[in-house]
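Chemist: Supplied structure: upload-v8.tsv, TSV, C-alpha atoms (C1' of nucleotides).
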chain	number	residue	atom	x	y	z
A	1	MET	CA	46.19	91.60	78.68
A	2	ASP	CA	45.87	93.94	81.63
A	3	LYS	CA	46.30	97.71	81.70
A	4	ILE	CA	47.51	99.84	84.58
A	5	TYR	CA	47.79	103.63	84.59
A	6	LEU	CA	50.09	106.02	86.41
A	7	PRO	CA	49.50	109.79	86.63
A	8	LEU	CA	52.32	111.85	85.11
A	9	PRO	CA	53.96	114.87	86.76
A	10	PRO	CA	54.41	118.14	84.83
A	11	ASN	CA	57.52	118.43	82.64
A	12	PHE	CA	57.42	114.76	81.79
A	13	SER	CA	58.27	113.46	78.34
A	14	LEU	CA	58.32	109.72	77.70
A	15	LYS	CA	60.43	110.26	74.58
A	16	SER	CA	63.04	112.39	76.31
A	17	THR	CA	63.21	109.95	79.22
A	18	ILE	CA	63.54	106.85	77.07
A	19	PHE	CA	66.33	108.40	75.03
A	20	SER	CA	68.02	110.27	77.88
A	21	HIS	CA	70.94	107.85	77.73
A	22	GLY	CA	71.81	104.35	76.62
A	23	TRP	CA	69.81	102.20	79.02
A	24	ALA	CA	66.85	101.76	76.66
A	25	ASP	CA	69.25	100.23	74.18
A	26	LEU	CA	70.14	97.39	76.56
A	27	GLU	CA	68.17	94.23	77.33
A	28	PRO	CA	65.67	93.57	78.76
A	29	PHE	CA	64.46	96.93	77.41
A	30	LYS	CA	63.16	97.13	73.88
A	31	ARG	CA	62.16	100.47	72.46
A	32	HIS	CA	59.78	101.29	69.62
A	33	VAL	CA	59.79	104.66	67.90
A	34	ASP	CA	56.51	104.71	66.00
A	35	PRO	CA	54.31	104.57	67.96
A	36	LEU	CA	56.53	105.45	70.88
A	37	GLN	CA	56.66	102.62	73.39
A	38	ILE	CA	59.20	100.89	75.57
A	39	ASP	CA	58.97	97.24	76.54
A	40	TYR	CA	60.64	95.78	79.59
A	41	ILE	CA	60.81	92.30	81.05
A	42	LEU	CA	60.45	92.65	84.79
A	43	GLU	CA	60.92	90.11	87.56
A	44	ILE	CA	58.89	91.45	90.46
A	45	PRO	CA	59.92	90.74	94.08
A	46	SER	CA	57.44	87.86	94.33
A	47	GLY	CA	59.38	86.10	91.56
A	48	GLN	CA	56.88	86.48	88.71
A	49	VAL	CA	58.26	87.68	85.38
A	50	HIS	CA	56.10	90.07	83.39
A	51	HIS	CA	56.40	91.54	79.91
A	52	LEU	CA	55.49	95.24	80.20
A	53	HIS	CA	54.54	97.53	77.30
A	54	ILE	CA	54.86	101.13	78.46
A	55	SER	CA	53.52	104.13	76.55
A	56	SER	CA	51.87	107.47	77.26
A	57	PRO	CA	48.54	107.86	75.43
A	58	ASN	CA	48.37	111.49	76.60
A	59	ASP	CA	50.30	114.03	78.70
A	60	LEU	CA	48.55	112.96	81.87
A	61	GLN	CA	49.06	109.21	82.06
A	62	LEU	CA	51.59	106.46	81.62
A	63	GLU	CA	49.97	103.28	80.35
A	64	ILE	CA	51.46	99.94	81.38
A	65	LYS	CA	50.13	96.91	79.56
A	66	THR	CA	50.96	93.45	80.84
A	67	GLU	CA	50.65	90.37	78.65
A	68	HIS	CA	48.46	88.70	81.25
A	69	GLN	CA	46.18	89.71	84.07
A	70	VAL	CA	47.94	90.64	87.29
A	71	ASN	CA	46.53	90.47	90.80
A	72	ASP	CA	46.43	93.51	93.09
A	73	LYS	CA	49.71	92.71	94.83
A	74	ALA	CA	51.60	92.19	91.59
A	75	GLY	CA	50.00	95.33	90.17
A	76	GLU	CA	51.23	97.37	93.13
A	77	GLN	CA	54.75	96.01	92.75
A	78	ILE	CA	54.77	96.81	89.04
A	79	LEU	CA	53.54	100.37	89.67
A	80	LYS	CA	56.18	101.01	92.33
A	81	ILE	CA	58.97	99.80	90.04
A	82	VAL	CA	57.75	101.69	86.97
A	83	LYS	CA	57.49	104.87	89.05
A	84	ARG	CA	61.13	104.43	90.02
A	85	MET	CA	62.20	103.71	86.43
A	86	PHE	CA	60.65	106.93	85.13
A	87	ARG	CA	61.39	108.96	88.29
A	88	LEU	CA	57.78	110.04	88.63
A	89	ASP	CA	58.29	111.04	92.27
A	90	GLU	CA	61.47	113.07	91.76
A	91	ASP	CA	61.12	116.83	92.14
A	92	TYR	CA	62.65	118.73	89.21
A	93	THR	CA	61.19	122.13	90.07
A	94	GLU	CA	64.55	123.75	90.83
A	95	PHE	CA	66.21	122.11	87.84
A	96	TYR	CA	63.63	123.51	85.43
A	97	LEU	CA	63.79	126.91	87.10
A	98	LEU	CA	67.57	126.99	86.55
A	99	ALA	CA	67.13	125.78	82.97
A	100	ARG	CA	64.59	128.51	82.22
A	101	GLN	CA	66.95	131.13	83.66
A	102	SER	CA	69.88	130.00	81.49
A	103	PRO	CA	69.61	130.93	77.81
A	104	GLU	CA	71.92	128.06	76.82
A	105	PHE	CA	69.64	125.55	78.56
A	106	SER	CA	66.19	126.91	77.79
A	107	TRP	CA	65.81	124.08	75.26
A	108	ILE	CA	65.54	121.65	78.21
A	109	THR	CA	62.06	122.90	79.08
A	110	LYS	CA	60.98	122.68	75.44
A	111	TYR	CA	61.76	118.97	75.35
A	112	ASN	CA	60.97	118.27	79.01
A	113	ALA	CA	64.39	116.67	79.19
A	114	GLY	CA	66.32	115.84	82.35
A	115	ARG	CA	64.84	112.60	83.62
A	116	LEU	CA	67.42	109.84	83.18
A	117	LEU	CA	65.80	106.44	82.65
A	118	ARG	CA	66.45	103.86	85.35
A	119	CYS	CA	66.19	100.07	85.35
A	120	GLY	CA	63.80	98.06	87.44
A	121	SER	CA	66.27	97.90	90.32
A	122	LEU	CA	69.41	99.58	91.59
A	123	TRP	CA	71.15	96.21	91.29
A	124	GLU	CA	70.46	96.18	87.54
A	125	ASP	CA	71.56	99.82	87.20
A	126	MET	CA	74.81	99.02	89.01
A	127	VAL	CA	75.63	95.89	87.02
A	128	LYS	CA	74.98	97.69	83.76
A	129	MET	CA	77.16	100.58	84.90
A	130	LEU	CA	79.95	98.10	85.60
A	131	CYS	CA	79.45	96.71	82.09
A	132	THR	CA	80.07	100.16	80.60
A	133	THR	CA	83.51	100.58	82.16
A	134	ASN	CA	86.55	100.48	79.97
A	135	CYS	CA	84.95	99.14	76.82
A	136	THR	CA	82.98	100.07	73.75
A	137	TRP	CA	79.19	100.30	73.79
A	138	ARG	CA	79.07	97.20	71.61
A	139	LEU	CA	80.84	95.18	74.28
A	140	THR	CA	78.50	96.55	76.94
A	141	GLN	CA	75.56	95.33	74.86
A	142	ILE	CA	77.15	91.89	74.52
A	143	MET	CA	77.78	91.56	78.26
A	144	VAL	CA	74.24	92.62	79.19
A	145	GLU	CA	72.68	90.45	76.50
A	146	ASN	CA	74.59	87.42	77.77
A	147	LEU	CA	73.60	88.12	81.37
A	148	VAL	CA	69.92	88.27	80.41
A	149	LYS	CA	69.89	85.34	78.00
A	150	LYS	CA	72.03	82.98	80.05
A	151	LEU	CA	71.06	83.89	83.61
A	152	GLY	CA	67.73	85.74	83.49
A	153	LYS	CA	64.40	84.21	84.42
A	154	ALA	CA	62.05	83.49	81.50
A	155	GLU	CA	58.92	85.50	80.92
A	156	GLU	CA	55.95	84.26	82.92
A	157	PHE	CA	53.41	82.04	81.13
A	158	LYS	CA	55.68	81.75	78.15
A	159	LYS	CA	58.56	79.60	79.30
A	160	GLY	CA	60.65	78.15	76.53
A	161	ASN	CA	63.31	79.16	74.09
A	162	LYS	CA	61.25	81.91	72.48
A	163	SER	CA	60.30	83.69	75.69
A	164	MET	CA	62.09	86.85	76.67
A	165	ARG	CA	64.00	87.00	79.91
A	166	ALA	CA	64.30	89.43	82.79
A	167	PHE	CA	67.58	90.77	84.07
A	168	PRO	CA	69.10	88.18	86.45
A	169	ASN	CA	68.85	88.87	90.16
A	170	PRO	CA	71.91	88.82	92.49
A	171	GLY	CA	71.23	85.21	93.46
A	172	ASN	CA	71.37	84.08	89.83
A	173	VAL	CA	74.82	85.66	89.42
A	174	ALA	CA	76.28	84.85	92.86
A	175	VAL	CA	76.25	81.10	92.19
A	176	CYS	CA	78.17	81.40	88.91
A	177	ASP	CA	81.72	80.33	88.34
A	178	GLU	CA	84.13	83.20	87.73
A	179	ASN	CA	85.36	81.63	84.49
A	180	PHE	CA	81.77	81.36	83.24
A	181	LEU	CA	81.26	85.09	83.81
A	182	ARG	CA	84.64	85.82	82.29
A	183	GLN	CA	84.32	83.71	79.15
A	184	GLU	CA	80.65	82.98	78.53
A	185	ILE	CA	79.21	86.30	79.65
A	186	LYS	CA	82.28	88.15	78.28
A	187	MET	CA	82.75	90.12	81.48
A	188	GLY	CA	86.51	89.65	81.14
A	189	TYR	CA	88.51	91.09	84.01
A	190	ARG	CA	85.25	92.54	85.44
A	191	ALA	CA	84.08	89.00	86.30
A	192	PRO	CA	85.54	88.90	89.85
A	193	TYR	CA	84.09	92.37	90.52
A	194	LEU	CA	80.59	91.27	89.45
A	195	LEU	CA	80.87	88.02	91.38
A	196	GLY	CA	82.07	89.78	94.54
A	197	PHE	CA	79.33	92.38	94.23
A	198	SER	CA	76.55	89.82	93.79
A	199	GLN	CA	77.86	87.62	96.62
A	200	ALA	CA	78.12	90.57	99.00
A	201	ILE	CA	74.41	91.17	98.37
A	202	THR	CA	73.29	87.55	98.72
A	203	GLU	CA	75.39	87.10	101.86
A	204	GLY	CA	73.80	90.17	103.41
A	205	LYS	CA	77.06	92.14	103.60
A	206	LEU	CA	75.71	94.77	101.24
A	207	ASN	CA	72.19	96.18	101.31
A	208	LEU	CA	71.50	98.26	98.22
A	209	ALA	CA	68.46	99.86	99.87
A	210	ASP	CA	70.97	101.74	102.07
A	211	PHE	CA	72.14	103.61	98.98
A	212	GLU	CA	68.63	104.88	98.32
A	213	ASN	CA	68.40	106.43	101.76
A	214	ASP	CA	67.96	110.21	101.50
A	215	ASN	CA	69.60	110.74	104.89
A	216	ILE	CA	73.12	109.90	103.68
A	217	SER	CA	75.13	112.86	102.41
A	218	THR	CA	76.24	112.66	98.81
A	219	PRO	CA	80.00	112.62	99.67
A	220	ASP	CA	79.38	109.73	102.10
A	221	LEU	CA	77.37	107.89	99.47
A	222	TYR	CA	80.18	108.45	96.98
A	223	LYS	CA	82.67	106.91	99.45
A	224	GLN	CA	80.43	103.91	100.13
A	225	LEU	CA	79.92	103.17	96.44
A	226	ARG	CA	83.61	103.68	95.69
A	227	SER	CA	84.46	101.01	98.25
A	228	ILE	CA	82.85	98.35	96.02
A	229	LYS	CA	85.52	96.82	93.80
A	230	GLY	CA	85.13	97.66	90.13
A	231	PHE	CA	83.26	100.92	90.71
A	232	GLY	CA	85.64	103.81	90.16
A	233	ASP	CA	85.02	107.54	89.86
A	234	TYR	CA	83.23	107.43	86.50
A	235	ALA	CA	80.90	104.57	87.50
A	236	VAL	CA	80.08	105.97	90.94
A	237	SER	CA	79.52	109.53	89.72
A	238	ASN	CA	77.02	108.27	87.20
A	239	LEU	CA	75.39	105.91	89.70
A	240	LEU	CA	74.83	108.95	91.88
A	241	LYS	CA	72.90	110.46	88.97
A	242	ILE	CA	70.82	107.28	88.87
A	243	LEU	CA	70.18	107.86	92.58
A	244	GLY	CA	69.01	111.41	91.93
A	245	ARG	CA	72.18	113.14	93.09
A	246	TYR	CA	73.78	115.24	90.43
A	247	ASP	CA	76.73	116.86	92.24
A	248	TYR	CA	79.43	114.88	90.46
A	249	LEU	CA	80.54	115.21	86.86
A	250	GLY	CA	80.95	111.55	85.87
A	251	ALA	CA	82.86	112.44	82.73
A	252	ASP	CA	84.20	109.75	80.44
A	253	SER	CA	86.14	109.80	77.20
A	254	TRP	CA	83.05	110.49	75.07
A	255	SER	CA	81.62	113.30	77.20
A	256	ARG	CA	85.04	114.94	77.63
A	257	LYS	CA	85.47	114.93	73.87
A	258	LYS	CA	81.96	116.29	73.38
A	259	PHE	CA	82.60	119.08	75.87
A	260	ALA	CA	85.88	119.95	74.18
A	261	GLU	CA	84.23	120.09	70.74
A	262	LYS	CA	81.42	122.28	72.02
A	263	HIS	CA	83.33	124.70	74.21
A	264	LEU	CA	87.05	124.54	73.44
A	265	ASP	CA	87.33	124.06	69.67
A	266	GLY	CA	88.18	120.43	70.28
A	267	LYS	CA	91.04	121.08	72.68
A	268	SER	CA	91.02	118.65	75.60
A	269	CYS	CA	91.15	119.90	79.16
A	270	ASP	CA	91.26	118.77	82.75
A	271	ASP	CA	88.01	117.66	84.42
A	272	SER	CA	88.35	120.52	86.90
A	273	ILE	CA	87.90	122.96	83.99
A	274	ILE	CA	84.77	121.12	82.89
A	275	ALA	CA	83.43	121.09	86.45
A	276	SER	CA	84.00	124.83	86.86
A	277	ASN	CA	81.80	125.41	83.80
A	278	TYR	CA	78.77	123.96	85.62
A	279	GLN	CA	79.59	125.01	89.18
A	280	LYS	CA	76.89	127.69	89.14
A	281	TYR	CA	74.21	124.98	88.89
A	282	GLY	CA	75.13	123.66	92.36
A	283	LYS	CA	73.65	120.27	93.16
A	284	TRP	CA	72.36	120.00	89.59
A	285	SER	CA	75.79	120.57	87.98
A	286	GLY	CA	76.30	116.96	86.88
A	287	LEU	CA	72.89	116.85	85.20
A	288	PHE	CA	73.49	120.14	83.39
A	289	PHE	CA	76.83	118.74	82.18
A	290	TRP	CA	75.07	115.66	80.81
A	291	MET	CA	72.32	117.78	79.23
A	292	ASP	CA	74.95	119.99	77.63
A	293	VAL	CA	76.91	117.18	75.98
A	294	SER	CA	73.77	115.35	74.84
A	295	GLU	CA	71.92	118.46	73.61
A	296	ASP	CA	72.24	117.66	69.92
A	297	TRP	CA	70.17	114.48	70.33
A	298	TYR	CA	67.19	116.67	71.23
A	299	GLN	CA	67.87	119.37	68.67
A	300	ARG	CA	67.65	117.07	65.66
A	301	GLU	CA	64.44	117.23	63.67
A	302	LEU	CA	63.92	113.54	64.31
A	303	PRO	CA	66.10	113.22	67.37
A	304	PHE	CA	65.47	109.59	67.94
A	305	GLY	CA	64.14	108.31	64.63
A	306	LYS	CA	65.29	105.01	63.23
A	307	SER	CA	67.86	106.60	60.98
A	308	GLN	CA	69.36	108.64	63.76
A	309	GLU	CA	69.13	106.47	66.80
A	310	PRO	CA	71.52	107.30	69.59
A	311	ASN	CA	74.48	104.98	69.57
A	312	PRO	CA	75.42	105.02	73.21
A	313	LYS	CA	78.95	104.56	74.25
A	314	SER	CA	79.17	104.44	77.95
A	315	GLN	CA	76.57	104.57	80.62
A	316	ILE	CA	75.03	107.29	79.22
A	317	ASN	CA	77.00	107.69	76.12
A	318	PRO	CA	75.61	107.65	72.63
A	319	ASN	CA	77.49	108.33	69.41
A	320	THR	CA	80.97	107.10	70.10
A	321	GLU	CA	81.25	104.41	67.55
B	1	DG	C1'	91.71	86.45	56.32
B	2	DC	C1'	95.15	87.40	59.54
B	3	DG	C1'	97.99	89.95	62.78
B	4	DT	C1'	98.76	94.21	65.22
B	5	DC	C1'	97.49	98.15	67.63
B	6	DC	C1'	94.48	101.16	70.21
B	7	DA	C1'	90.66	102.80	73.20
B	8	DG	C1'	88.16	102.40	77.30
B	9	DG	C1'	87.90	102.78	83.33
B	10	DT	C1'	89.67	100.57	87.47
B	11	DC	C1'	92.87	98.31	90.43
B	12	DT	C1'	97.31	97.50	92.38
B	13	DA	C1'	102.09	97.92	93.03
B	14	DC	C1'	105.54	101.00	93.24
B	15	DC	C1'	107.93	105.39	93.93
C	1	DG	C1'	99.55	111.44	96.52
C	2	DG	C1'	100.84	110.43	91.89
C	3	DT	C1'	101.97	107.21	88.19
C	4	DA	C1'	102.72	103.07	85.31
C	5	DG	C1'	101.18	98.80	83.92
C	6	DA	C1'	97.85	95.08	83.67
C	7	DC	C1'	93.28	93.67	82.77
C	8	DC	C1'	90.02	92.19	78.20
C	9	DT	C1'	87.54	92.87	74.05
C	10	DG	C1'	85.87	94.88	69.68
C	11	DG	C1'	87.06	97.39	65.98
C	12	DA	C1'	90.14	99.83	62.87
C	13	DC	C1'	93.92	99.37	60.12
C	14	DG	C1'	97.66	97.48	57.27
C	15	DC	C1'	99.31	93.71	54.80
Using structure tokens, write down the structure that the file contains.

Modeler:
Amino acid sequence: MDKIYLPLPPNFSLKSTIFSHGWADLEPFKRHVDPLQIDYILEIPSGQVHHLHISSPNDLQLEIKTEHQVNDKAGEQILKIVKRMFRLDEDYTEFYLLARQSPEFSWITKYNAGRLLRCGSLWEDMVKMLCTTNCTWRLTQIMVENLVKKLGKAEEFKKGNKSMRAFPNPGNVAVCDENFLRQEIKMGYRAPYLLGFSQAITEGKLNLADFENDNISTPDLYKQLRSIKGFGDYAVSNLLKILGRYDYLGADSWSRKKFAEKHLDGKSCDDSIIASNYQKYGKWSGLFFWMDVSEDWYQRELPFGKSQEPNPKSQINPNTE
DNA sequence: GCGTCCAGGTCTACC
DNA sequence: GGTAGACCTGGACGC
């Protein structure tokens, strides 16, 4: 067992980040409520697969335990990825300032909410987002579980049926038969989209690092992501949130319903009405929308206890079923 | 237990 | 540019 530590920024809450949306409910994440900890099976760029146990023993540090000792290079790679997952380098100063100034959002500072959990890679975030489109959360879980179990690399030092597996990399998926993805992974009609996406990456036609470039404007990034088959407005708007850009709403059936219940006595409305409600928050409007519709998760006495676990519906969508 | 219907987001063909 | 229909599955519902 090896331990690595990461310093935490102010306004960080492990609990609020883990339960910020549905990702922690999907493999290869595994969350534990008491004591609070999240496990993740990570394949680092060098190809090693590590079982990480992540917790925060205090307000100042994130503790990452690995099942086995890691060398310096592997340790650096793990730290870089975990930083990305928990958005430790993202600046939320303006977001918290706006939250403090808005009586309806002052609760955000109380819970240090706002950081949306990410996966170990943008590839994994994007595939999971694709798996949330046009289906129930249960089906999303099935698709992701199949991808991990049938295509993911087994945990290092523990190869065999009982070992846990990392999320498959693009190369693992690109060599699959479309029918296998359709029937065995249960991707259904999404299978050709996933296959095309993974092959574009392995063939060098698509470089996901380009999407993490701060120099691209958000509308341009939206256009680029929308050009990938299978990623429509909902998926791309929420991927932009994953990329730290919160300009777009990314509403889906669950969040529209939630907004209607909260603000319009249950009467549905056009997305433009919803957007106008958060316009004053500028580039943070999409995040304030998400905070607004997910507020009740934080307000519960035991917001994320075993008896009241979020039951995510889409990307980021608990409580639909 | 079985059959039917519906919800969910995106793409494509058509107007 | 807007719209209808197809895509696929799990789950709810009725019998």

Chemist: Please return, as a PyMOL selection string, all residues of chain B lying within 10 Å of chain A when only C-alpha atoms (C1' of nucleotides) are considered.

Modeler: chain B and resi 7-11

Chemist: Show me, as a count of residues only, every residue of chain A with an atom at most 7 Å from chain C, counting only C-alpha atoms (C1' of nucleotides).

Modeler: 3

Chemist: Quick one: distance from atom CA of Val148 of chain A to atom CA of Phe167 of chain A in Å, one decimal?

Modeler: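 Between atom CA of Val148 of chain A and atom CA of Phe167 of chain A the gap is 5.0 Å.
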
Chemist: Can you tell me how far atom C1' of DC15 of chain B sits from atom CA of Ser227 of chain A, in Å to one decimal?

Modeler: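 For atom C1' of DC15 of chain B relative to atom CA of Ser227 of chain A, the distance reads 24.3 Å.
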
Chemist: When distances are computed from only C-alpha atoms, which of A:Lys80, A:Arg138, A:Arg256, A:Lys15 shows the smallest separation from Ser121 of chain A?

Modeler: A:Lys80

Chemist: Would you work out the distance separating atom CA of Lys65 of chain A from atom CA of Ile38 of chain A, expressed in Å to one decimal?

Modeler: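 Distance reported for this atom pair: 10.7 Å.
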